[in-house]
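To keep things clear, I will list the structure first and then write my remarks on it.
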Amino acid sequence: MSLTRPAAPARPEDARASRAKTLACSVTGAAVVALDGTVLTLVQPALQRDLHAGVAQVQWTGTGYLVAVASLLVLAGRLGDRHGHHRVFALGSLGFAAASAGVALAPGIGTVVLLRVLQGACGALLQPATLGMLRTAYPPDRLTGPVALRTGAIGLAAAAGPLLGGALVSAYGWRAVFLLGVPPTLAIGLLALTVREPRRPDRTAPGPSTPPPRARTGGDPLGALLLAGALGLLVHGLVTLPDPGAGGRAAATLAAATAAALLLVRHERRAPHPLLPPALLRSRAVAGGLAALLAASAALSGTLFVTTYFLQEVQRLDPFGAALRVLPLAVTMVLGAVLCPPLQRRLGPRGTALAGGALLTSGVLVLARLDAGSGAAATGLGAALVGAGFVALMVTATATVVRHAPEEHAGVAGGLQQTAMNTGPVLGVATAALLLALVPGGGFVPAHGAALPVLALVAALTLPAALALPPRADAPGEGAPRGRP
């Protein structure tokens, strides 16, 4: 994607109005998606009881959404480059609003799962466009403020989500949580349609309005389909494996997932415009950053899945009370986002990521010792460590991926970063559910089960991944463009 200054509207007041609308859409869209992700684990126990569903079925309300998002993010970013980020954002926002309303009115668990998959597909259209719109609306030297505002909105949504979701579930039931996102996504979807997409000139073309070369590529639909199939089959196999008599079916599903993954690798090597550019993945810094994000998000989501069920099913807390117990996680994430930049300047990306991995692993180990008599202090300590470690890894690894990606694949790098952040939770929650079923005597008590100790090992995988990051922020990595500041 060309990073040249977007062509401004004819009048300065038109430019200001267009940028204000774009900023409102970007910030609100990113916050709504973050809010949806933070409240889901709180509504699952109530949803399970109300719809008389099993744990595996309820798990698919989250994993179905995440598989759809993770498999389509990179392709959605390319669609935005080709057809305009505002149009793609509007389609995603309006679809997200419609799917959310449908979930709130769903009569059974099957309908909920199907609508969550649709919601995930719409979320995949929405998420990359929240950054793409800012890149087209603001010149590069003025992007820092809008991006910082967007990041702050995500942090506040993540902090407020558990409290708000817990209060809504306790007072009105789980359906109210899904209705919460309908008005803002409907409003910003309609608002985005009123913004005129800026035309971006190509730096190398003689004409002033020739679209960038990458904007003319159609992406890799077959690659996206194979990626979606591999992820969906993998998670389905992990979910069904613990069911009595499902061993053969689960083994066949996992074998099909492996076959789809091999076909994806074969296709990507031959595709003229591969979904996963080899030049990007050959960068040691990029690969290390993506691996750290994958492991950290898997450990975080799996740990929250187990802890939420423990607090509500074993300690008999209501959703709001459970949210208060894990509130330190959100607090340390917000504070950590502020402290990460100076910490990186002092320790470098590698040192900061290593510290984050150690904190994340320690937090999961603290939560793994909880039993029926554990109080708020032990839960809060573990949650605070998990939040601090996760935000350090997320900020550092994301910055590394963006900085060290080859310039011609900058947009794809952003899609891969979001793919890792959405695929990790699928694997983490599936692993947690599998281990809970394999150790039935422990129930949802962490100290009596194997789920959180295994997730601590997953969190520890961030440490070798962190070693692949550069020791200093200005150190070039393999595949990084040389001579850049």
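Simple scheme: letters A, B, ... for chains in structure tokens order, numbers from 1 for residues in each chain, numbers from 1 for ligands in the order shown.
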Contacts of Ala158 of chain A at 9 Å (only C-alpha atoms; same-chain gap of 3+ positions) as a list of chain:residue names:
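Once the nearby chain positions are removed, what remains is A:Ala31, A:Ala34, A:Leu35, A:Asp36, A:Gly37, A:Thr38, A:Val39, A:Ala153, A:Ile154, A:Gly155, A:Gly161, A:Pro162, A:Ala330, A:Met333, A:Val334.
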Now that the selection is made, can you save its residues with N, CA and C atoms as a PDB file, in the first residue's frame?
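Just written: out-v8.pdb:
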```
ATOM      1  N   ALA A  31     -13.315  -0.090  19.637  1.00  0.00           N
ATOM      2  CA  ALA A  31     -13.760  -0.253  21.022  1.00  0.00           C
ATOM      3  C   ALA A  31     -14.885  -1.278  21.133  1.00  0.00           C
ATOM      4  N   ALA A  34     -13.445  -4.764  20.876  1.00  0.00           N
ATOM      5  CA  ALA A  34     -12.750  -5.101  22.114  1.00  0.00           C
ATOM      6  C   ALA A  34     -13.733  -5.393  23.245  1.00  0.00           C
ATOM      7  N   LEU A  35     -14.799  -4.622  23.311  1.00  0.00           N
ATOM      8  CA  LEU A  35     -15.819  -4.838  24.346  1.00  0.00           C
ATOM      9  C   LEU A  35     -16.479  -6.201  24.163  1.00  0.00           C
ATOM     10  N   ASP A  36     -16.800  -6.548  22.932  1.00  0.00           N
ATOM     11  CA  ASP A  36     -17.424  -7.842  22.657  1.00  0.00           C
ATOM     12  C   ASP A  36     -16.527  -8.986  23.115  1.00  0.00           C
ATOM     13  N   GLY A  37     -15.234  -8.862  22.860  1.00  0.00           N
ATOM     14  CA  GLY A  37     -14.325  -9.934  23.243  1.00  0.00           C
ATOM     15  C   GLY A  37     -14.149 -10.081  24.738  1.00  0.00           C
ATOM     16  N   THR A  38     -14.245  -8.989  25.497  1.00  0.00           N
ATOM     17  CA  THR A  38     -14.010  -9.069  26.939  1.00  0.00           C
ATOM     18  C   THR A  38     -15.218  -9.551  27.724  1.00  0.00           C
ATOM     19  N   VAL A  39     -16.417  -9.392  27.177  1.00  0.00           N
ATOM     20  CA  VAL A  39     -17.609  -9.759  27.952  1.00  0.00           C
ATOM     21  C   VAL A  39     -18.096 -11.168  27.647  1.00  0.00           C
ATOM     22  N   ALA A 153      -8.943   3.822  23.429  1.00  0.00           N
ATOM     23  CA  ALA A 153     -10.338   3.364  23.465  1.00  0.00           C
ATOM     24  C   ALA A 153     -10.413   1.860  23.637  1.00  0.00           C
ATOM     25  N   ILE A 154      -9.507   1.125  22.993  1.00  0.00           N
ATOM     26  CA  ILE A 154      -9.483  -0.329  23.155  1.00  0.00           C
ATOM     27  C   ILE A 154      -9.176  -0.695  24.608  1.00  0.00           C
ATOM     28  N   GLY A 155      -8.204  -0.007  25.210  1.00  0.00           N
ATOM     29  CA  GLY A 155      -7.863  -0.287  26.600  1.00  0.00           C
ATOM     30  C   GLY A 155      -9.010  -0.006  27.554  1.00  0.00           C
ATOM     31  N   GLY A 161     -15.328  -3.599  30.036  1.00  0.00           N
ATOM     32  CA  GLY A 161     -16.128  -4.708  29.540  1.00  0.00           C
ATOM     33  C   GLY A 161     -16.581  -5.696  30.599  1.00  0.00           C
ATOM     34  N   PRO A 162     -15.668  -6.252  31.415  1.00  0.00           N
ATOM     35  CA  PRO A 162     -16.113  -7.219  32.419  1.00  0.00           C
ATOM     36  C   PRO A 162     -17.106  -6.632  33.420  1.00  0.00           C
ATOM     37  N   ALA A 330      -7.523  -6.060  33.953  1.00  0.00           N
ATOM     38  CA  ALA A 330      -7.800  -4.925  33.063  1.00  0.00           C
ATOM     39  C   ALA A 330      -7.038  -3.680  33.502  1.00  0.00           C
ATOM     40  N   MET A 333      -3.463  -3.903  32.476  1.00  0.00           N
ATOM     41  CA  MET A 333      -3.336  -3.770  31.026  1.00  0.00           C
ATOM     42  C   MET A 333      -3.358  -2.306  30.601  1.00  0.00           C
ATOM     43  N   VAL A 334      -4.271  -1.522  31.202  1.00  0.00           N
ATOM     44  CA  VAL A 334      -4.352  -0.094  30.856  1.00  0.00           C
ATOM     45  C   VAL A 334      -3.088   0.639  31.298  1.00  0.00           C
TER      46      VAL A 334
END
```
Tell me which protein, DNA and RNA residues are within 9 Å of Cys340 of chain A, counting only C-alpha atoms, leaving out same-chain ones fewer than 3 positions away, and put them as a PyMOL selection string.
chain A and resi 335-337+343-345+352+391-392+395-396
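Between Pro341 of chain A and the candidates A:Leu393, A:Leu304, A:Leu467, A:Ala322, the tightest atom-to-atom separation, counting only C-alpha atoms, involves A:Leu393.
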Show which residues sit within 12 Å of Thr63 of chain A, as a PyMOL selection string. Count only C-alpha atoms, and ignore same-chain residues fewer than 5 positions away.
chain A and resi 37+40-41+56-58+68-71+113-114+116-117+119-120+231-236+238-239+298+301-302+305+422-431+433
Report as a ChimeraX atom specification all protein, DNA and RNA residues lying within 9 Å of Met133 of chain A, evaluated on only C-alpha atoms, omitting residues in the same chain fewer than 5 positions from it.
/A:22-23,25-26,80,84-86,89,128,138,197
For segment 447-455 of chain A, please output as a ChimeraX atom specification all residues within 8 Å (counting only C-alpha atoms; exclusion window: fewer than 6 positions along the same chain).
/A:298-299,302-303,306,364-365,367-371,428,431-433,435-436,439,441
I need the chosen residues saved as a tab-separated table (two decimals), in the first residue's frame, with N, CA, C and O atoms.
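Below is the file that was written, part-v7.tsv:
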```
chain	number	residue	atom	x	y	z
A	298	ALA	N	-3.22	-17.15	23.47
A	298	ALA	CA	-3.74	-18.47	23.81
A	298	ALA	C	-3.75	-18.66	25.32
A	298	ALA	O	-4.74	-19.14	25.90
A	299	ALA	N	-2.64	-18.31	25.98
A	299	ALA	CA	-2.56	-18.47	27.42
A	299	ALA	C	-3.57	-17.59	28.14
A	299	ALA	O	-4.24	-18.03	29.10
A	302	GLY	N	-7.35	-18.92	27.38
A	302	GLY	CA	-7.59	-20.19	28.06
A	302	GLY	C	-7.67	-20.02	29.57
A	302	GLY	O	-8.52	-20.64	30.24
A	303	THR	N	-6.81	-19.18	30.12
A	303	THR	CA	-6.82	-18.93	31.57
A	303	THR	C	-8.11	-18.24	32.01
A	303	THR	O	-8.70	-18.60	33.03
A	306	VAL	N	-11.04	-20.82	32.07
A	306	VAL	CA	-11.05	-21.68	33.26
A	306	VAL	C	-11.41	-20.87	34.51
A	306	VAL	O	-12.24	-21.30	35.33
A	364	VAL	N	-0.27	-17.02	35.49
A	364	VAL	CA	-1.03	-18.25	35.25
A	364	VAL	C	-0.73	-19.27	36.34
A	364	VAL	O	-1.63	-19.99	36.82
A	365	LEU	N	0.53	-19.36	36.77
A	365	LEU	CA	0.89	-20.30	37.84
A	365	LEU	C	0.23	-19.94	39.17
A	365	LEU	O	-0.19	-20.82	39.93
A	367	LEU	N	-2.72	-18.42	39.47
A	367	LEU	CA	-4.12	-18.82	39.33
A	367	LEU	C	-4.29	-20.33	39.33
A	367	LEU	O	-5.34	-20.84	39.72
A	368	ALA	N	-3.25	-21.07	38.92
A	368	ALA	CA	-3.33	-22.53	38.92
A	368	ALA	C	-3.38	-23.11	40.32
A	368	ALA	O	-3.71	-24.30	40.48
A	369	ARG	N	-3.08	-22.33	41.34
A	369	ARG	CA	-3.10	-22.81	42.73
A	369	ARG	C	-4.43	-22.50	43.43
A	369	ARG	O	-4.59	-22.83	44.61
A	370	LEU	N	-5.38	-21.90	42.73
A	370	LEU	CA	-6.66	-21.56	43.37
A	370	LEU	C	-7.45	-22.81	43.68
A	370	LEU	O	-7.50	-23.75	42.90
A	371	ASP	N	-8.11	-22.79	44.86
A	371	ASP	CA	-9.04	-23.86	45.20
A	371	ASP	C	-10.32	-23.24	45.72
A	371	ASP	O	-10.49	-22.01	45.71
A	428	GLY	N	-6.25	-21.57	22.69
A	428	GLY	CA	-6.19	-21.57	24.15
A	428	GLY	C	-7.46	-22.09	24.79
A	428	GLY	O	-7.41	-22.92	25.72
A	431	THR	N	-7.85	-25.85	24.10
A	431	THR	CA	-6.96	-26.62	24.97
A	431	THR	C	-7.51	-26.69	26.38
A	431	THR	O	-7.50	-27.76	27.02
A	432	ALA	N	-8.01	-25.58	26.90
A	432	ALA	CA	-8.56	-25.56	28.25
A	432	ALA	C	-9.77	-26.48	28.36
A	432	ALA	O	-9.89	-27.26	29.32
A	433	ALA	N	-10.68	-26.41	27.39
A	433	ALA	CA	-11.87	-27.25	27.43
A	433	ALA	C	-11.50	-28.73	27.34
A	433	ALA	O	-12.10	-29.58	28.02
A	435	LEU	N	-8.69	-30.16	28.35
A	435	LEU	CA	-8.08	-30.61	29.59
A	435	LEU	C	-9.08	-30.67	30.74
A	435	LEU	O	-8.98	-31.52	31.62
A	436	LEU	N	-10.07	-29.78	30.74
A	436	LEU	CA	-11.12	-29.86	31.76
A	436	LEU	C	-11.90	-31.16	31.63
A	436	LEU	O	-12.28	-31.77	32.64
A	439	VAL	N	-9.77	-34.34	32.81
A	439	VAL	CA	-9.54	-34.48	34.26
A	439	VAL	C	-10.85	-34.16	34.96
A	439	VAL	O	-10.99	-33.11	35.63
A	441	GLY	N	-12.31	-35.30	37.58
A	441	GLY	CA	-12.34	-35.23	39.04
A	441	GLY	C	-12.05	-33.84	39.57
A	441	GLY	O	-12.49	-33.48	40.66
```
Taking 2 positions as the minimum chain separation for residues in the same chain, which residues sit within 8 Å of Leu294 of chain A when counting only C-alpha atoms? Answer as a PyMOL selection string.
chain A and resi 290-292+296-298+420-421+423-424
